[in-house]
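Below: one structure, written as structure tokens.
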Amino acid sequence: MRTEDILAAIATGLWRWDNATGTVTLDAEATRLLDLPFDPPLANGEAEFHESTVRSRFHPVDWNEINGIVTLATAEGTVAEVRLRVVDEAGHVLRTVRSRSKPSIRNGDYVLVGMIQEVAEPQPGTTTGQSHITGDWRRSREAFLLDAGRALAEARSTSEVLRVAASLSMPGFSPDGLAVFGVSGDRLTIIGHHGHSAGDDGPFTDMRLDADYPAAEVVRTGRACYLPSPAEYRRRYPGTWPLAQRFGRQSWAFLPLVVAGRTMGAWLAAFKHPVGFTPDERSVLTTVARMLAQALARAGTAESERELSLGLQRSMMPTLGPEIPGMSVAARYIPTGGGLQVGGDWYDMIPLPGRDRFALVIGDVQGHDVRAAGLMGQLRIALRAYASEGHRPDAVLSRASRFLHGITDTYEEGDHTSPRFATCLYLEVEPATGQVELARAGHPEPAVRMSDGTVLLRPTAGGLPLGIEADTDYPTTRFVLEPGETMMICTDGLLETGGHDLDTGWARLRTVLEEYVEEEYAEEDGAEYGAEYGQYAEGTQGRLEELADTLVQAVHGPRSHYTTGPLVDRREDDIAVLLLRRDGMPTREAPRRTAISVAQAEPERVASTRQQVRELLHDWTDEEKVYSAVLLVSEMVTNVLVHTDGDALLVAEVSQVKDEAVRHRLRVEVTDASDELPHTRRPGEMASSGRGLMLMEILADAWGVDPRGQGKSIWFELYESDGDGDGEVEAEVVAE
């Protein structure tokens with residue numbers, strides 16, 4: 001009997017599919033099964049058809065499966081098996097056939113040589129095994145693969161990838177045990193597992209790649225290994241079968257994890273129930289293994305980059321030095337740009353050599369990108385070097401500006417981008433006396449919270465931001481931080497976060513600083529005072545840390561959503577804030593004072609003096625007294641600028657008065673270098689000047705002129721009465 005007759009008797013045909021030429025060769029039985037005409041036959045008794053003709057006889061859903069199954073069989077070196085529904089020209093299903101073919105690859109195209117056999121469909125009322133070609137199963141598989149792909153693509157770390165893999169529920173044959181193997185040198189390692197008890201991975205954690213174990217073989221060969229039964233496992237891998245036997249599984253699938261043509265490990269899917277590993281099931285497992293390999297590779301790369309980035313960023317993160325006797329320091333840094341943990345903002349504390357002083361630095365490099373962070377690191381190192389050489393604040397900033405100007409010019413030539421600048425505030429502090437000497441390069445001014453809760457911006461002279469010009473001068477400002485006072489310096493991110501500008505942002509922070517409640521102790525003599533001061537000193541640092549957190553929460557926490565500004569759509573900036581407090585017993589009787597200098601070239605600073613006086617008198621209830629003080633200050637400072645050639649130095653102090661009729665006293669002194677004393681004039685009705693002393697006599701409760709060795713000091717006092725006009729103090733005129 002001929003072979004053709006035997007094949008025809010069992011409804012089995014032969015075919016040869018050449019993907020390169022686009023032709024399909026069929027024998028007589030194959031043409032019958034596909035409902036194609038067998039005319040005219042070739043010389044060898046076969047018929048040749050174009051690929052499109054044969055393709056039209058298969059259901060479109062089944063046709064889409066062929067390429068994947070062929071690719072899978074080629075990779076595994078196995079037979080490509082697929083079930084196909086044959087349809088007529090109207091699209092009605094005629095029969096179902098099964099194809100078993102051996103694929104071979106030639107120059108990227110495949111050739112299939114195999115058989116086609118009709119599959120008997122179940123009759124009504126009969127039962128069959130699970131059908132793997134039903135539309136519901138295919139839809140379930142496609143939905144599962146879509147969900148799995150999306151979940152694995154969203155995983156950002158190896159642990160997340162393993163968690164997603166453990167939660168996958170495959171349609172119809174979900175594994176109950178999973179393991180992911182990696183490669184370290186010539187050893188097999190376990191990256192993670194699921195469905196096993198702690199310690200079960202012990203024998204597999206350091207296995208050699210040449211061991212008689214399925215995962216090791218998969219890594220060596222790059223081909224999947226399917227073990228549908230314990231007998232098959234024991235037959236193929238007798239050496240390691242006892243290790244797998246104790247888990248009580250019935251089927252195992254070991255698949256290679258391949259990325260860019262390199263096998264990076266193996267994936268184990270173990271089943272408590274028997275699994276035949278049909279082509280459809282193998283296709284699902286292979287697809288999951290590929291997605292798992294890609295997800296693990298992405299996660300590994302991301303974790304390596306993240307670790308490198310975090311390591312570099314940790315070395316650049318702002319830090320505070322050792323404790324300072326008599327001072328407390330707290331700082332916060334919140335990066336908000338570009339997903340980096342460090343940006344262009346920074347702060348630093350620098351011990352100064354040979355002197356009982358230290359320096360504080362805060363700054364902000366333009367931009368929110370990696371380049372800004374890199375420039376910040378370089379500038380921070382340069383500032384430390386200049387400070388350690390013993391330069392004064394003005395010299396430190398001048399050298400830093402020259403340094404930044406030089407390196408940004410280099411950047412501009414190399415990457416064709418605009419040069420960057422940086423704002424900076426550098427100050428030196430002497431803890432023993434509280435003396436502060438600072439220089440400012442385009443940075444927001446410091447704020448001081450006094451011991452009674454009054455908050456003032458400390459006016460300071462400043463210069464251009466660093467890096468704009470190579471040679472720039474930076475004037476210095478000196479003042480004293482009194483015991484119990486806290487100074488805040490920050491970057492503009494703390495002020496502007498939430499859509500604020502500098503003015504509205506400062507108003508928001510000032511409210512936070514004023515509302516912050518700090519414990520107060522009355523100064524007493526003897527041991528009782530010492531005990532109270534000891535308790536106070538112990539809690540100073542903790543309260544300063546609380547204040548730093550409160551400031552950040554006010555602009556970056558839930559509370560900030562209720563205080564947004566007019567520029568809410570503007571991109572957020574990094575935040576850096578540094579608090580410095582001079583330790584000491586705060587008392588209610590401690591005066592509050594401010595000082596500001598107004599140069600001949602800076603007449604616009606007269607407005608700052610008026611604002612300083614308003615803020616200094618924030619708790620005075622008599623609005624007329626406040627207005628009088630502002631008017632007199634404006635008159636005194638303006639007279640110095642108009643009638644002398646020197647600068648004006650204003651010192652204002654508010655103190656409590658131990659008098660039943662008076663609550664507070666304001667004393668303002670304006671000093672200049674001119675020896676010419678003011679004298680009373682009699683200006684005409686249309687005169688535009690000459691009324692300064694007249695205003696003093698009318699508005700001030702006391703005033704006078706004190707000659708100095710060089711220059712003079714003009715002063716006045718105003719008293720805030722304890723009641724509504726009761727106990728009024730008569731004006732006292734002191735003139736020389």
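Every chain in the structure tokens has a letter given in the order shown (A, B, ...), and although residue numbers restart at 1 in each chain, ligands are simply numbered from 1 in the order shown.
The protein and nucleic acid residues lying at most 6 Å from A:Thr671 are Ala648, Leu649, Lys712 and Ser713 of chain A, with only C-alpha atoms considered and sequence neighbours fewer than 3 positions away removed.
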Alpha helix (DSSP H) call set, DSSP backbone run, stretch 1-89 of chain A, as a ChimeraX atom specification: /A:3-9,28-33,51-55,60-76
Minimum-distance residue to A:Glu428, chosen among A:Asn107, A:Thr476, A:Thr53, A:Thr23 (using only C-alpha atoms): A:Thr476
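In this structure, atom CA of A:Gly505 sits 24.6 Å away from atom CA of A:Val626.
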Spatial neighbours of A:Asp109, max dist 10 Å, only C-alpha atoms, sep filter under 5 positions, as a list in words: Asp18, Asn19, Ala20, Thr21, Pro103 and Ser104 of chain A
Residue with smallest distance to A:Pro228 - pool A:Leu255, A:Val24, A:Val275, A:Val79, counting only C-alpha atoms: A:Val275
Can you tell me which residues surround A:Leu383 at a distance of at most 10 Å, considering only C-alpha atoms, apart from same-chain residues fewer than 6 positions away, and format the answer as an mmCIF file with N, CA and C atoms, in the first residue's frame?
data_model
loop_
_atom_site.group_PDB
_atom_site.id
_atom_site.type_symbol
_atom_site.label_atom_id
_atom_site.label_comp_id
_atom_site.auth_asym_id
_atom_site.auth_seq_id
_atom_site.Cartn_x
_atom_site.Cartn_y
_atom_site.Cartn_z
ATOM 1 N N ASP A 348 25.327 75.353 53.098
ATOM 2 C CA ASP A 348 26.553 74.758 53.635
ATOM 3 C C ASP A 348 26.939 75.492 54.908
ATOM 4 N N ILE A 350 30.540 76.138 57.088
ATOM 5 C CA ILE A 350 31.980 76.001 56.895
ATOM 6 C C ILE A 350 32.701 76.494 58.144
ATOM 7 N N VAL A 361 26.407 79.428 54.161
ATOM 8 C CA VAL A 361 26.220 79.761 52.751
ATOM 9 C C VAL A 361 24.884 79.189 52.302
ATOM 10 N N GLU A 389 40.522 79.621 52.941
ATOM 11 C CA GLU A 389 41.753 80.401 52.786
ATOM 12 C C GLU A 389 41.759 81.644 53.666
ATOM 13 N N VAL A 396 35.207 86.449 49.215
ATOM 14 C CA VAL A 396 34.751 85.097 48.867
ATOM 15 C C VAL A 396 33.778 85.148 47.691
ATOM 16 N N LEU A 397 32.805 86.064 47.746
ATOM 17 C CA LEU A 397 31.836 86.139 46.657
ATOM 18 C C LEU A 397 32.459 86.669 45.376
ATOM 19 N N ARG A 399 35.537 86.192 44.303
ATOM 20 C CA ARG A 399 36.260 85.076 43.692
ATOM 21 C C ARG A 399 35.305 84.026 43.136
ATOM 22 N N ALA A 400 34.204 83.769 43.865
ATOM 23 C CA ALA A 400 33.225 82.787 43.383
ATOM 24 C C ALA A 400 32.576 83.258 42.090
ATOM 25 N N SER A 401 32.302 84.549 41.959
ATOM 26 C CA SER A 401 31.704 85.071 40.729
ATOM 27 C C SER A 401 32.664 84.908 39.557
ATOM 28 N N PHE A 403 34.987 82.642 39.322
ATOM 29 C CA PHE A 403 35.055 81.201 39.035
ATOM 30 C C PHE A 403 33.864 80.748 38.203
ATOM 31 N N TYR A 426 26.358 84.798 51.662
ATOM 32 C CA TYR A 426 27.465 84.239 52.438
ATOM 33 C C TYR A 426 27.623 85.087 53.690
#
Selection near A:His193, 8 Å with only C-alpha atoms, sequence-local residues under 5 positions removed, as a PyMOL selection string: chain A and resi 162+177-180
Residue nearest A:Glu118 among A:Arg100, A:Arg223, A:Arg593, A:Arg106 (counting only C-alpha atoms):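 Under the stated criterion, the closest residue is A:Arg100.
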Long-range neighbours of A:Arg85 as a ChimeraX atom specification, 7 Å cut-off, only C-alpha atoms, 5 positions minimum in chain: /A:58-59,62,93,95-97
Same residues, N, CA, C and O atoms, output as a compact mmCIF listing (two decimals), in the first residue's frame:
# COMPACT_ATOMS: atom_id res chain seq x y z
N PHE A 58 -8.16 30.11 5.62
CA PHE A 58 -8.02 30.01 7.07
C PHE A 58 -8.77 31.16 7.74
O PHE A 58 -8.86 32.27 7.22
N HIS A 59 -9.29 30.86 8.91
CA HIS A 59 -9.95 31.89 9.71
C HIS A 59 -8.93 32.98 10.05
O HIS A 59 -7.79 32.68 10.44
N ASP A 62 -7.07 32.68 13.38
CA ASP A 62 -6.09 31.60 13.43
C ASP A 62 -4.85 31.95 12.61
O ASP A 62 -3.72 31.58 12.98
N VAL A 93 -17.29 28.24 8.66
CA VAL A 93 -16.30 27.24 9.04
C VAL A 93 -16.71 25.88 8.48
O VAL A 93 -17.82 25.39 8.73
N ARG A 95 -14.37 23.02 8.54
CA ARG A 95 -13.76 21.98 9.36
C ARG A 95 -12.60 22.61 10.13
O ARG A 95 -12.20 23.73 9.88
N THR A 96 -12.06 21.83 11.04
CA THR A 96 -10.87 22.25 11.80
C THR A 96 -9.74 21.27 11.49
O THR A 96 -9.96 20.05 11.50
N VAL A 97 -8.57 21.82 11.19
CA VAL A 97 -7.42 20.97 10.87
C VAL A 97 -6.29 21.29 11.85
O VAL A 97 -6.22 22.39 12.42
When you look at A:Pro603 with a cut-off of 10 Å (counting only C-alpha atoms), what residues show up, excluding the ones that are within fewer than 4 positions of it in the same chain? I need them as an mmCIF file with C-alpha atoms, in the first residue's frame.
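Wrote part22.cif, looks like this:
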data_model
loop_
_atom_site.group_PDB
_atom_site.id
_atom_site.type_symbol
_atom_site.label_atom_id
_atom_site.label_comp_id
_atom_site.auth_asym_id
_atom_site.auth_seq_id
_atom_site.Cartn_x
_atom_site.Cartn_y
_atom_site.Cartn_z
ATOM 1 C CA VAL A 598 21.325 104.444 53.035
ATOM 2 C CA ALA A 599 24.060 105.480 50.618
ATOM 3 C CA ALA A 607 11.396 103.359 51.257
ATOM 4 C CA SER A 608 13.068 100.406 53.008
ATOM 5 C CA VAL A 637 17.139 110.199 56.189
ATOM 6 C CA THR A 638 16.199 112.358 53.209
ATOM 7 C CA LEU A 641 21.065 112.619 51.485
ATOM 8 C CA VAL A 642 20.126 116.151 50.384
#
A:Glu602, A:Glu653, A:Glu635, A:Asp645 ranked by distance to A:Glu615, top pick (using only C-alpha atoms):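 Residue with the minimum atom-to-atom distance to A:Glu615: A:Glu653.
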Among the residues A:His368, A:His196, A:Arg141, A:His618, the one that comes closest to A:Val288 [using only C-alpha atoms]: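 Smallest distance to A:Val288 is found for A:Arg141.
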